[in-house]
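**Student:** Sharing data08.cif here; it has mmCIF, C-alpha atoms and all ligand atoms.
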```
data_final
#
loop_
_atom_site.label_atom_id
_atom_site.label_comp_id
_atom_site.auth_asym_id
_atom_site.auth_seq_id
_atom_site.Cartn_x
_atom_site.Cartn_y
_atom_site.Cartn_z
CA MET A 12 -24.33 2.77 31.76
CA ARG A 13 -25.53 1.94 28.27
CA LYS A 14 -26.73 4.70 26.05
CA THR A 15 -27.77 4.30 22.44
CA VAL A 16 -27.40 7.04 19.90
CA ARG A 17 -28.75 6.72 16.41
CA PHE A 18 -26.78 8.08 13.53
CA GLY A 19 -27.85 7.13 10.04
CA TRP A 20 -27.76 3.39 9.94
CA PHE A 21 -25.41 3.21 12.86
CA SER A 22 -26.37 2.68 16.45
CA ILE A 23 -23.83 3.79 18.95
CA TRP A 24 -23.83 2.38 22.44
CA PHE A 25 -21.91 3.99 25.19
CA SER A 26 -21.17 0.99 27.33
CA THR A 27 -18.57 2.58 29.55
CA LYS A 28 -16.86 5.93 29.57
CA GLN A 29 -13.83 4.43 27.89
CA CYS A 30 -15.44 2.28 25.31
CA VAL A 31 -18.06 2.67 22.65
CA THR A 32 -19.66 -0.02 20.58
CA ILE A 33 -21.05 0.76 17.19
CA VAL A 34 -23.45 -1.69 15.67
CA GLY A 35 -25.36 -1.63 12.46
CA GLN A 36 -24.33 -2.01 8.89
CA GLY A 37 -20.63 -2.59 9.20
CA CYS A 38 -20.43 -3.25 12.88
CA GLY A 39 -17.30 -2.80 14.91
CA PHE A 40 -15.86 -1.81 18.22
CA VAL A 41 -14.39 1.57 18.70
CA GLU A 42 -11.96 2.55 21.33
CA ILE A 43 -12.00 6.03 22.75
CA LEU A 44 -8.46 7.07 23.36
CA PRO A 45 -7.59 9.58 26.03
CA LEU A 46 -6.69 12.41 23.73
CA ALA A 47 -7.83 15.98 23.64
CA LYS A 48 -11.00 16.37 21.60
CA ALA A 49 -9.24 18.59 19.12
CA THR A 50 -7.05 15.68 18.19
CA VAL A 51 -9.29 13.37 16.31
CA CYS A 52 -8.14 9.91 16.80
CA MET A 53 -9.16 6.92 14.78
CA TYR A 54 -9.19 3.28 15.43
CA GLU A 55 -9.60 1.24 12.31
CA HIS A 56 -11.59 -1.84 12.87
CA ILE A 57 -12.39 -3.47 9.59
CA CYS A 58 -15.17 -5.82 10.50
CA THR A 59 -17.29 -5.85 7.40
CA CYS A 60 -17.23 -2.66 5.45
CA ALA A 61 -16.81 0.25 7.79
CA ASN A 62 -14.16 2.11 9.65
CA PHE A 63 -14.95 4.27 12.59
CA VAL A 64 -13.50 7.36 14.03
CA VAL A 65 -13.95 8.46 17.58
CA ALA A 66 -12.67 11.49 19.37
CA SER A 67 -12.23 11.34 23.08
CA LYS A 68 -14.79 12.92 25.35
CA LEU A 69 -17.62 12.58 22.88
CA GLN A 70 -20.42 14.53 24.46
CA SER A 71 -23.34 14.32 22.13
CA THR A 72 -24.83 13.03 18.94
CA ILE A 73 -23.49 16.11 17.21
CA ASP A 74 -19.93 15.12 18.11
CA ILE A 75 -20.45 11.65 16.75
CA GLN A 76 -22.05 13.02 13.63
CA ALA A 77 -19.08 15.30 13.06
CA VAL A 78 -16.63 12.51 13.60
CA LEU A 79 -18.43 10.04 11.35
CA CYS A 80 -18.76 12.62 8.59
CA TYR A 81 -15.11 13.33 8.87
CA ASN A 82 -14.43 9.62 8.68
CA LYS A 83 -16.45 9.23 5.52
CA THR A 84 -14.52 11.92 3.76
CA MET A 85 -11.12 10.47 4.46
CA LYS A 86 -11.04 7.51 2.15
CA CYS A 87 -7.43 6.90 1.13
CA ASP A 88 -5.61 4.50 -1.18
CA LEU A 89 -1.88 4.64 -0.68
CA HIS A 90 -0.74 1.89 -3.01
CA MET A 91 -1.25 1.73 -6.77
CA HIS A 92 0.70 1.34 -9.99
CA SER A 93 0.60 3.18 -13.28
CA ASN A 94 1.97 2.28 -16.68
CA CYS A 95 5.23 3.90 -15.57
CA SER A 96 5.89 0.51 -13.96
CA ASP A 97 3.69 -2.54 -14.41
CA GLY A 98 0.20 -1.03 -14.19
CA VAL A 99 -1.88 -0.39 -17.28
CA PHE A 100 -3.28 3.11 -16.76
CA PRO A 101 -1.38 6.40 -17.00
CA PRO A 102 -0.91 8.34 -13.75
CA GLU A 103 -3.54 10.97 -14.67
CA LYS A 104 -6.15 8.28 -15.25
CA LEU A 105 -5.48 6.76 -11.81
CA VAL A 106 -6.10 10.13 -10.16
CA GLN A 107 -9.35 10.51 -12.12
CA MET A 108 -10.40 7.00 -11.10
CA ALA A 109 -9.56 7.77 -7.46
CA LYS A 110 -11.75 10.85 -7.62
CA GLU A 111 -14.64 8.90 -9.18
CA ARG A 112 -14.41 6.37 -6.37
CA GLY A 113 -14.45 8.96 -3.61
CA VAL A 114 -10.80 8.61 -2.65
CA ARG A 115 -9.54 11.83 -1.11
CA CYS A 116 -5.88 11.01 -0.79
CA MET A 117 -3.81 8.59 -2.86
CA SER A 118 -0.24 7.65 -3.52
CA LEU A 119 1.29 6.47 -6.75
CA THR A 120 3.78 3.76 -5.78
CA ASP A 121 5.32 2.44 -8.98
CA HIS A 122 8.04 -0.18 -8.76
CA ASP A 123 11.48 1.39 -8.41
CA THR A 124 10.51 4.54 -10.28
CA THR A 125 8.91 7.90 -9.59
CA CYS A 126 8.62 8.88 -13.26
CA GLY A 127 4.81 9.20 -13.03
CA VAL A 128 4.65 11.06 -9.72
CA LEU A 129 4.77 14.63 -11.00
CA ARG A 130 2.00 13.87 -13.52
CA ALA A 131 -0.16 12.37 -10.75
CA VAL A 132 0.54 15.27 -8.38
CA THR A 133 -0.35 17.80 -11.10
CA GLU A 134 -3.58 15.98 -11.95
CA GLY A 135 -4.37 15.76 -8.24
CA GLN A 136 -4.01 19.51 -7.89
CA LYS A 137 -6.44 19.97 -10.77
CA LEU A 138 -9.02 17.59 -9.33
CA GLY A 139 -8.59 18.39 -5.65
CA ILE A 140 -7.12 15.00 -4.73
CA GLN A 141 -4.11 14.86 -2.48
CA VAL A 142 -1.38 12.81 -4.15
CA ILE A 143 1.42 11.69 -1.89
CA PRO A 144 4.65 11.09 -3.84
CA GLY A 145 5.48 7.41 -3.52
CA ILE A 146 7.54 4.49 -4.74
CA GLU A 147 7.67 0.75 -4.10
CA LEU A 148 11.22 -0.54 -3.83
CA SER A 149 11.78 -4.24 -4.53
CA THR A 150 14.31 -5.71 -2.15
CA PHE A 151 15.63 -9.10 -1.22
CA SER A 152 17.16 -10.59 1.89
CA THR A 153 16.16 -14.18 2.51
CA MET A 154 12.91 -13.47 0.71
CA GLU A 155 11.28 -10.89 -1.48
CA VAL A 156 10.39 -7.77 0.52
CA HIS A 157 8.77 -4.61 -0.81
CA ILE A 158 9.35 -1.26 0.85
CA LEU A 159 7.02 1.63 0.08
CA GLY A 160 8.55 5.10 0.29
CA PHE A 161 6.12 7.95 0.92
CA ASN A 162 6.90 11.63 0.49
CA VAL A 163 10.31 11.00 -1.03
CA ASN A 164 12.08 13.97 -2.62
CA TYR A 165 11.42 12.58 -6.06
CA GLN A 166 12.71 15.66 -7.85
CA ASP A 167 16.09 15.41 -6.20
CA GLU A 168 18.87 14.52 -8.69
CA ALA A 169 20.76 12.33 -6.22
CA PHE A 170 17.65 10.26 -5.55
CA GLN A 171 17.08 9.72 -9.27
CA GLN A 172 20.68 8.61 -9.72
CA GLU A 173 20.29 6.00 -7.01
CA LEU A 174 17.09 4.80 -8.66
CA ALA A 175 18.85 4.53 -12.02
CA HIS A 176 21.37 2.22 -10.41
CA VAL A 177 18.55 0.07 -9.00
CA ALA A 178 16.86 -0.01 -12.42
CA ASN A 179 20.05 -1.21 -14.01
CA LEU A 180 20.10 -4.19 -11.66
CA ARG A 181 16.60 -5.01 -12.90
CA VAL A 182 17.63 -4.80 -16.57
CA GLU A 183 20.35 -7.36 -15.93
CA ARG A 184 17.84 -9.60 -14.14
CA ASN A 185 15.41 -9.40 -17.05
CA LYS A 186 18.08 -10.53 -19.51
CA LEU A 187 18.80 -13.62 -17.39
CA LEU A 188 15.09 -14.28 -16.97
CA VAL A 189 14.48 -14.20 -20.73
CA GLN A 190 17.41 -16.57 -21.18
CA LYS A 191 15.84 -19.03 -18.72
CA LEU A 192 12.47 -18.78 -20.44
CA LYS A 193 14.19 -19.54 -23.74
CA GLU A 194 15.68 -22.69 -22.20
CA HIS A 195 12.10 -23.73 -21.37
CA GLY A 196 10.90 -23.09 -24.90
CA PHE A 197 9.43 -19.61 -24.49
CA ASP A 198 10.63 -16.97 -26.89
CA ILE A 199 10.30 -13.52 -25.30
CA ASP A 200 11.65 -10.39 -26.93
CA LEU A 201 12.10 -7.68 -24.28
CA SER A 202 12.13 -4.94 -26.91
CA LYS A 203 8.58 -5.91 -27.93
CA ILE A 204 7.17 -5.41 -24.44
CA LYS A 205 5.23 -2.19 -24.39
CA THR A 206 5.82 -0.24 -21.22
CA THR A 207 6.66 3.34 -20.54
CA GLY A 208 8.75 2.47 -17.51
CA THR A 209 10.89 -0.34 -16.17
CA ILE A 210 9.96 -3.84 -17.30
CA GLY A 211 8.95 -6.03 -14.39
CA ARG A 212 8.02 -9.68 -14.07
CA GLY A 213 4.38 -8.61 -14.41
CA ASP A 214 5.08 -7.22 -17.90
CA ILE A 215 6.95 -10.36 -18.94
CA GLY A 216 4.08 -12.45 -17.60
CA ARG A 217 1.54 -10.47 -19.63
CA GLU A 218 3.69 -10.92 -22.73
CA MET A 219 3.65 -14.69 -22.15
CA VAL A 220 -0.15 -14.59 -21.94
CA ARG A 221 -0.32 -12.45 -25.08
CA LEU A 222 1.83 -14.97 -26.93
CA GLY A 223 -0.48 -17.76 -25.78
CA TYR A 224 2.07 -19.58 -23.59
CA CYS A 225 -0.24 -19.37 -20.56
CA LYS A 226 -3.91 -18.58 -20.04
CA ASP A 227 -3.35 -15.79 -17.50
CA SER A 228 -0.74 -14.06 -15.36
CA ALA A 229 -1.58 -16.24 -12.36
CA GLU A 230 -0.60 -19.34 -14.33
CA VAL A 231 2.64 -17.68 -15.48
CA PHE A 232 3.64 -16.96 -11.89
CA ASP A 233 2.45 -20.32 -10.52
CA LYS A 234 4.41 -22.27 -13.08
CA TYR A 235 7.36 -20.16 -14.16
CA LEU A 236 8.03 -16.72 -12.75
CA GLY A 237 7.03 -16.90 -9.08
CA ALA A 238 9.77 -17.07 -6.43
CA GLY A 239 11.35 -20.53 -6.50
CA LYS A 240 9.75 -21.54 -9.83
CA CYS A 241 11.83 -22.84 -12.73
CA CYS A 242 12.34 -19.53 -14.54
CA TYR A 243 12.61 -17.31 -11.47
CA VAL A 244 15.76 -15.25 -11.34
CA GLN A 245 16.74 -13.53 -8.17
CA SER A 246 18.24 -10.24 -9.14
CA GLN A 247 20.99 -8.38 -7.37
CA ARG A 248 18.78 -6.10 -5.41
CA LEU A 249 18.72 -3.76 -2.51
CA THR A 250 18.27 -5.36 0.87
CA PRO A 251 15.26 -4.16 2.90
CA VAL A 252 17.57 -2.19 5.19
CA GLU A 253 19.26 -0.52 2.18
CA ALA A 254 15.84 0.44 0.81
CA ILE A 255 14.86 1.90 4.18
CA GLN A 256 18.09 3.90 4.29
CA LEU A 257 17.67 5.05 0.69
CA THR A 258 14.16 6.29 1.45
CA LEU A 259 15.23 8.04 4.64
CA ARG A 260 18.22 9.69 2.90
CA HIS A 261 15.77 11.32 0.52
CA GLY A 262 13.25 12.53 3.01
CA GLY A 263 10.75 9.67 2.67
CA ILE A 264 8.89 7.47 5.14
CA PRO A 265 9.72 3.81 4.51
CA VAL A 266 6.79 1.43 5.01
CA LEU A 267 6.79 -2.36 4.83
CA ALA A 268 4.41 -3.31 2.01
CA HIS A 269 1.88 -6.17 2.19
CA PRO A 270 3.45 -8.11 5.08
CA LYS A 271 1.19 -11.10 4.39
CA ASN A 272 3.11 -11.70 1.17
CA LEU A 273 6.19 -12.55 3.21
CA HIS A 274 4.47 -15.85 4.00
CA ILE A 275 5.86 -16.07 7.52
CA SER A 276 4.06 -16.77 10.79
CA PHE A 277 3.06 -13.99 13.19
CA LYS A 278 5.86 -15.12 15.51
CA GLU A 279 8.49 -15.02 12.78
CA PHE A 280 7.14 -11.67 11.64
CA GLU A 281 8.11 -9.88 14.82
CA LYS A 282 11.63 -11.31 14.57
CA PHE A 283 11.79 -10.09 10.99
CA LEU A 284 10.36 -6.68 11.87
CA ARG A 285 12.63 -5.72 14.76
CA PRO A 286 15.86 -5.05 12.79
CA LEU A 287 13.88 -3.12 10.18
CA ALA A 288 12.30 -0.97 12.88
CA LEU A 289 15.78 -0.34 14.30
CA ALA A 290 17.00 0.63 10.82
CA GLY A 291 14.32 3.32 10.65
CA LEU A 292 11.26 1.63 9.17
CA GLY A 293 8.39 4.09 9.55
CA GLY A 294 5.30 1.99 8.98
CA ILE A 295 3.50 -1.21 8.07
CA GLU A 296 0.92 -1.60 5.33
CA ALA A 297 -1.39 -3.42 7.72
CA GLN A 298 -4.51 -2.47 5.74
CA TYR A 299 -3.56 -4.30 2.57
CA PHE A 300 -6.45 -5.56 0.51
CA THR A 301 -5.69 -9.28 0.90
CA HIS A 302 -5.34 -9.14 4.69
CA ASN A 303 -8.15 -10.67 6.69
CA THR A 304 -9.36 -9.17 9.96
CA ALA A 305 -6.95 -11.20 12.12
CA GLU A 306 -4.02 -10.16 9.95
CA ARG A 307 -5.04 -6.51 9.91
CA ASN A 308 -5.34 -6.55 13.68
CA PHE A 309 -2.02 -8.30 14.16
CA TYR A 310 -0.03 -6.00 11.87
CA THR A 311 -1.73 -2.97 13.38
CA LYS A 312 -0.77 -4.21 16.84
CA MET A 313 2.83 -4.64 15.70
CA ALA A 314 2.81 -1.13 14.26
CA LYS A 315 1.59 0.25 17.57
CA LYS A 316 4.19 -1.70 19.51
CA TYR A 317 7.06 -0.37 17.39
CA LYS A 318 5.59 3.13 17.04
CA LEU A 319 5.04 2.74 13.31
CA ILE A 320 2.33 4.22 11.17
CA VAL A 321 -0.30 2.05 9.50
CA THR A 322 -0.97 2.48 5.81
CA GLY A 323 -3.22 0.68 3.35
CA GLY A 324 -4.12 0.38 -0.27
CA SER A 325 -5.47 -1.60 -3.16
CA ASP A 326 -2.16 -2.29 -5.00
CA PHE A 327 -4.20 -1.60 -8.11
CA HIS A 328 -2.49 -2.53 -11.38
CA ASP A 329 -5.34 -3.28 -13.76
CA TYR A 330 -8.77 -4.87 -13.74
CA ALA A 331 -7.42 -8.36 -14.35
CA HIS A 332 -6.26 -9.00 -10.81
CA GLY A 333 -6.45 -7.55 -7.34
CA MET A 334 -8.77 -4.84 -6.13
CA ASP A 335 -10.15 -1.74 -7.73
CA ILE A 336 -8.88 1.62 -6.49
CA GLY A 337 -10.38 2.59 -3.15
CA CYS A 338 -12.31 -0.65 -2.99
CA LYS A 339 -11.19 -1.53 0.50
CA ASN A 340 -11.54 1.64 2.49
CA PHE A 341 -8.43 2.67 4.26
CA ILE A 342 -8.86 5.43 6.78
CA PRO A 343 -5.57 6.69 8.17
CA ASN A 344 -5.42 7.31 11.90
CA GLY A 345 -4.22 10.56 13.45
CA TYR A 346 -0.62 9.35 13.78
CA THR A 347 -0.42 8.29 10.12
CA ARG A 348 -1.98 11.57 9.02
CA THR A 349 0.49 13.59 11.03
CA ILE A 350 3.52 11.68 9.75
CA LEU A 351 2.41 11.65 6.09
CA GLY A 352 0.86 15.11 6.12
CA ILE A 353 -2.59 13.93 5.00
ZN ZN A 401 2.54 -2.77 -5.33
#
```
Rewrite the structure of this file - the entire thing - as structure tokens.
**Tutor:**
Amino acid sequence: MRKTVRFGWFSIWFSTKQCVTIVGQGCGFVEILPLAKATVCMYEHICTCANFVVASKLQSTIDIQAVLCYNKTMKCDLHMHSNCSDGVFPPEKLVQMAKERGVRCMSLTDHDTTCGVLRAVTEGQKLGIQVIPGIELSTFSTMEVHILGFNVNYQDEAFQQELAHVANLRVERNKLLVQKLKEHGFDIDLSKIKTTGTIGRGDIGREMVRLGYCKDSAEVFDKYLGAGKCCYVQSQRLTPVEAIQLTLRHGGIPVLAHPKNLHISFKEFEKFLRPLALAGLGGIEAQYFTHNTAERNFYTKMAKKYKLIVTGGSDFHDYAHGMDIGCKNFIPNGYTRTILGI
């Protein structure tokens, strides 16, 4: 049986009882999962520009309308940085920008610090935007791995003490990095770098651009500061498992950030993922802005296999690189919403 229902610029075809195809602007395939209708379930298929939501047992156009409206209102961006780490905008400004761009739920995930979270949460309450407390922990095993921590107890003293220890490791790394840059003829004074939080490689890179050593941050990382480049210094950092444990100890949900940046094959990825899942990893940032459709699908499949949530975001720092806030729609599915309380 094939039935077509028109909704806005979407056409919805019921091809079987278990499967619906939506075509139109932003076409995609939507799976109807066997859940009670009350439980709205989403299947994110990023084909061009749209995500679709389908509840089981859709009976009529009205149901579809309700579900699509719901979908449209759930734009989320769960990865961005403020000037409390290496972003350029203050936390309040990010919340305002999220609101302007129609984002309903966001998370501030500064590197190794939560110093901007309370400000973002407070601004979110003012503007009616849900702000999930977050952090992005830099870790290292055989490669650089970032672990996002959502809903951590950021006001807990013990958590802040552990973060202070992590920050100290970074300070030591920065000193060595500046020393290496000096050996290559670049004079960087850490005290002149303007940041309200921890200084990261991004800040040092911007300082090099400001001083005219390179034309942009991309060149700095390609030539000097990227992993394996001549001035790269691997700091004594948490391992991914330690970061997962740290997040769990403080009530957070640890999520593997931008898996594509690991630069490993799909096959190697599962090998890499398994021990992290066993250690308590809670999710994968499958909907990262640089992931193509095949990568989104693969990481989403892995998340399903290991019962992990799927998150997504813009990793917004500034306008110079990456995506604008909310630019790539991320619509959390029912499981993610339940776990994160969205
Ligand atoms: Zn990030």
**Student:** Here is a test: counting all atoms listed in the file, which residue of A:His328, A:Arg221, A:Lys186, A:His261 is nearest to ligand ZN 401 (chain A)?
**Tutor:**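 Of A:His328, A:Arg221, A:Lys186, A:His261, the one nearest ligand ZN 401 (chain A) is A:His328, counting all atoms listed in the file.
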**Student:** Using only C-alpha atoms and all ligand atoms, which residues have at least one atom no more than 10 Å from ligand ZN 401 (chain A)? Output them as a PyMOL selection string.
**Tutor:** chain A and resi 89-92+96-98+119-122+146-149+157-159+268-269+324-328
**Student:** Between A:Gly294, A:His274, A:Pro286, A:Ile215, which residue has the minimum interatomic distance to Glu306 (chain A), considering only C-alpha atoms?
**Tutor:** A:His274
**Student:** Rounded to one decimal, what separation in Å do you get between CA of Gln256 (chain A) and CA of Lys282 (chain A)?
**Tutor:** 19.5 Å
**Student:** One decimal, in Å: what's the spacing between CA of Gly352 (chain A) and CA of Phe161 (chain A)?
**Tutor:**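 Rounded to one decimal, the two atoms are 10.3 Å apart.
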**Student:** So for region 278-281 of chain A, what box centre and size do we get, axis-aligned, 3 Å extra on each of the six sides, every listed atom, Å to one decimal, as AutoDock Vina command-line options?
**Tutor:**
```
--center_x 7.2 --center_y -12.5 --center_z 13.6 --size_x 8.6 --size_y 11.2 --size_z 9.9
```
**Student:** One number please: CA of Gln171 (chain A) to CA of Glu296 (chain A), in Å, one decimal.
**Tutor:**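 Rounded to one decimal, the two atoms are 24.5 Å apart.
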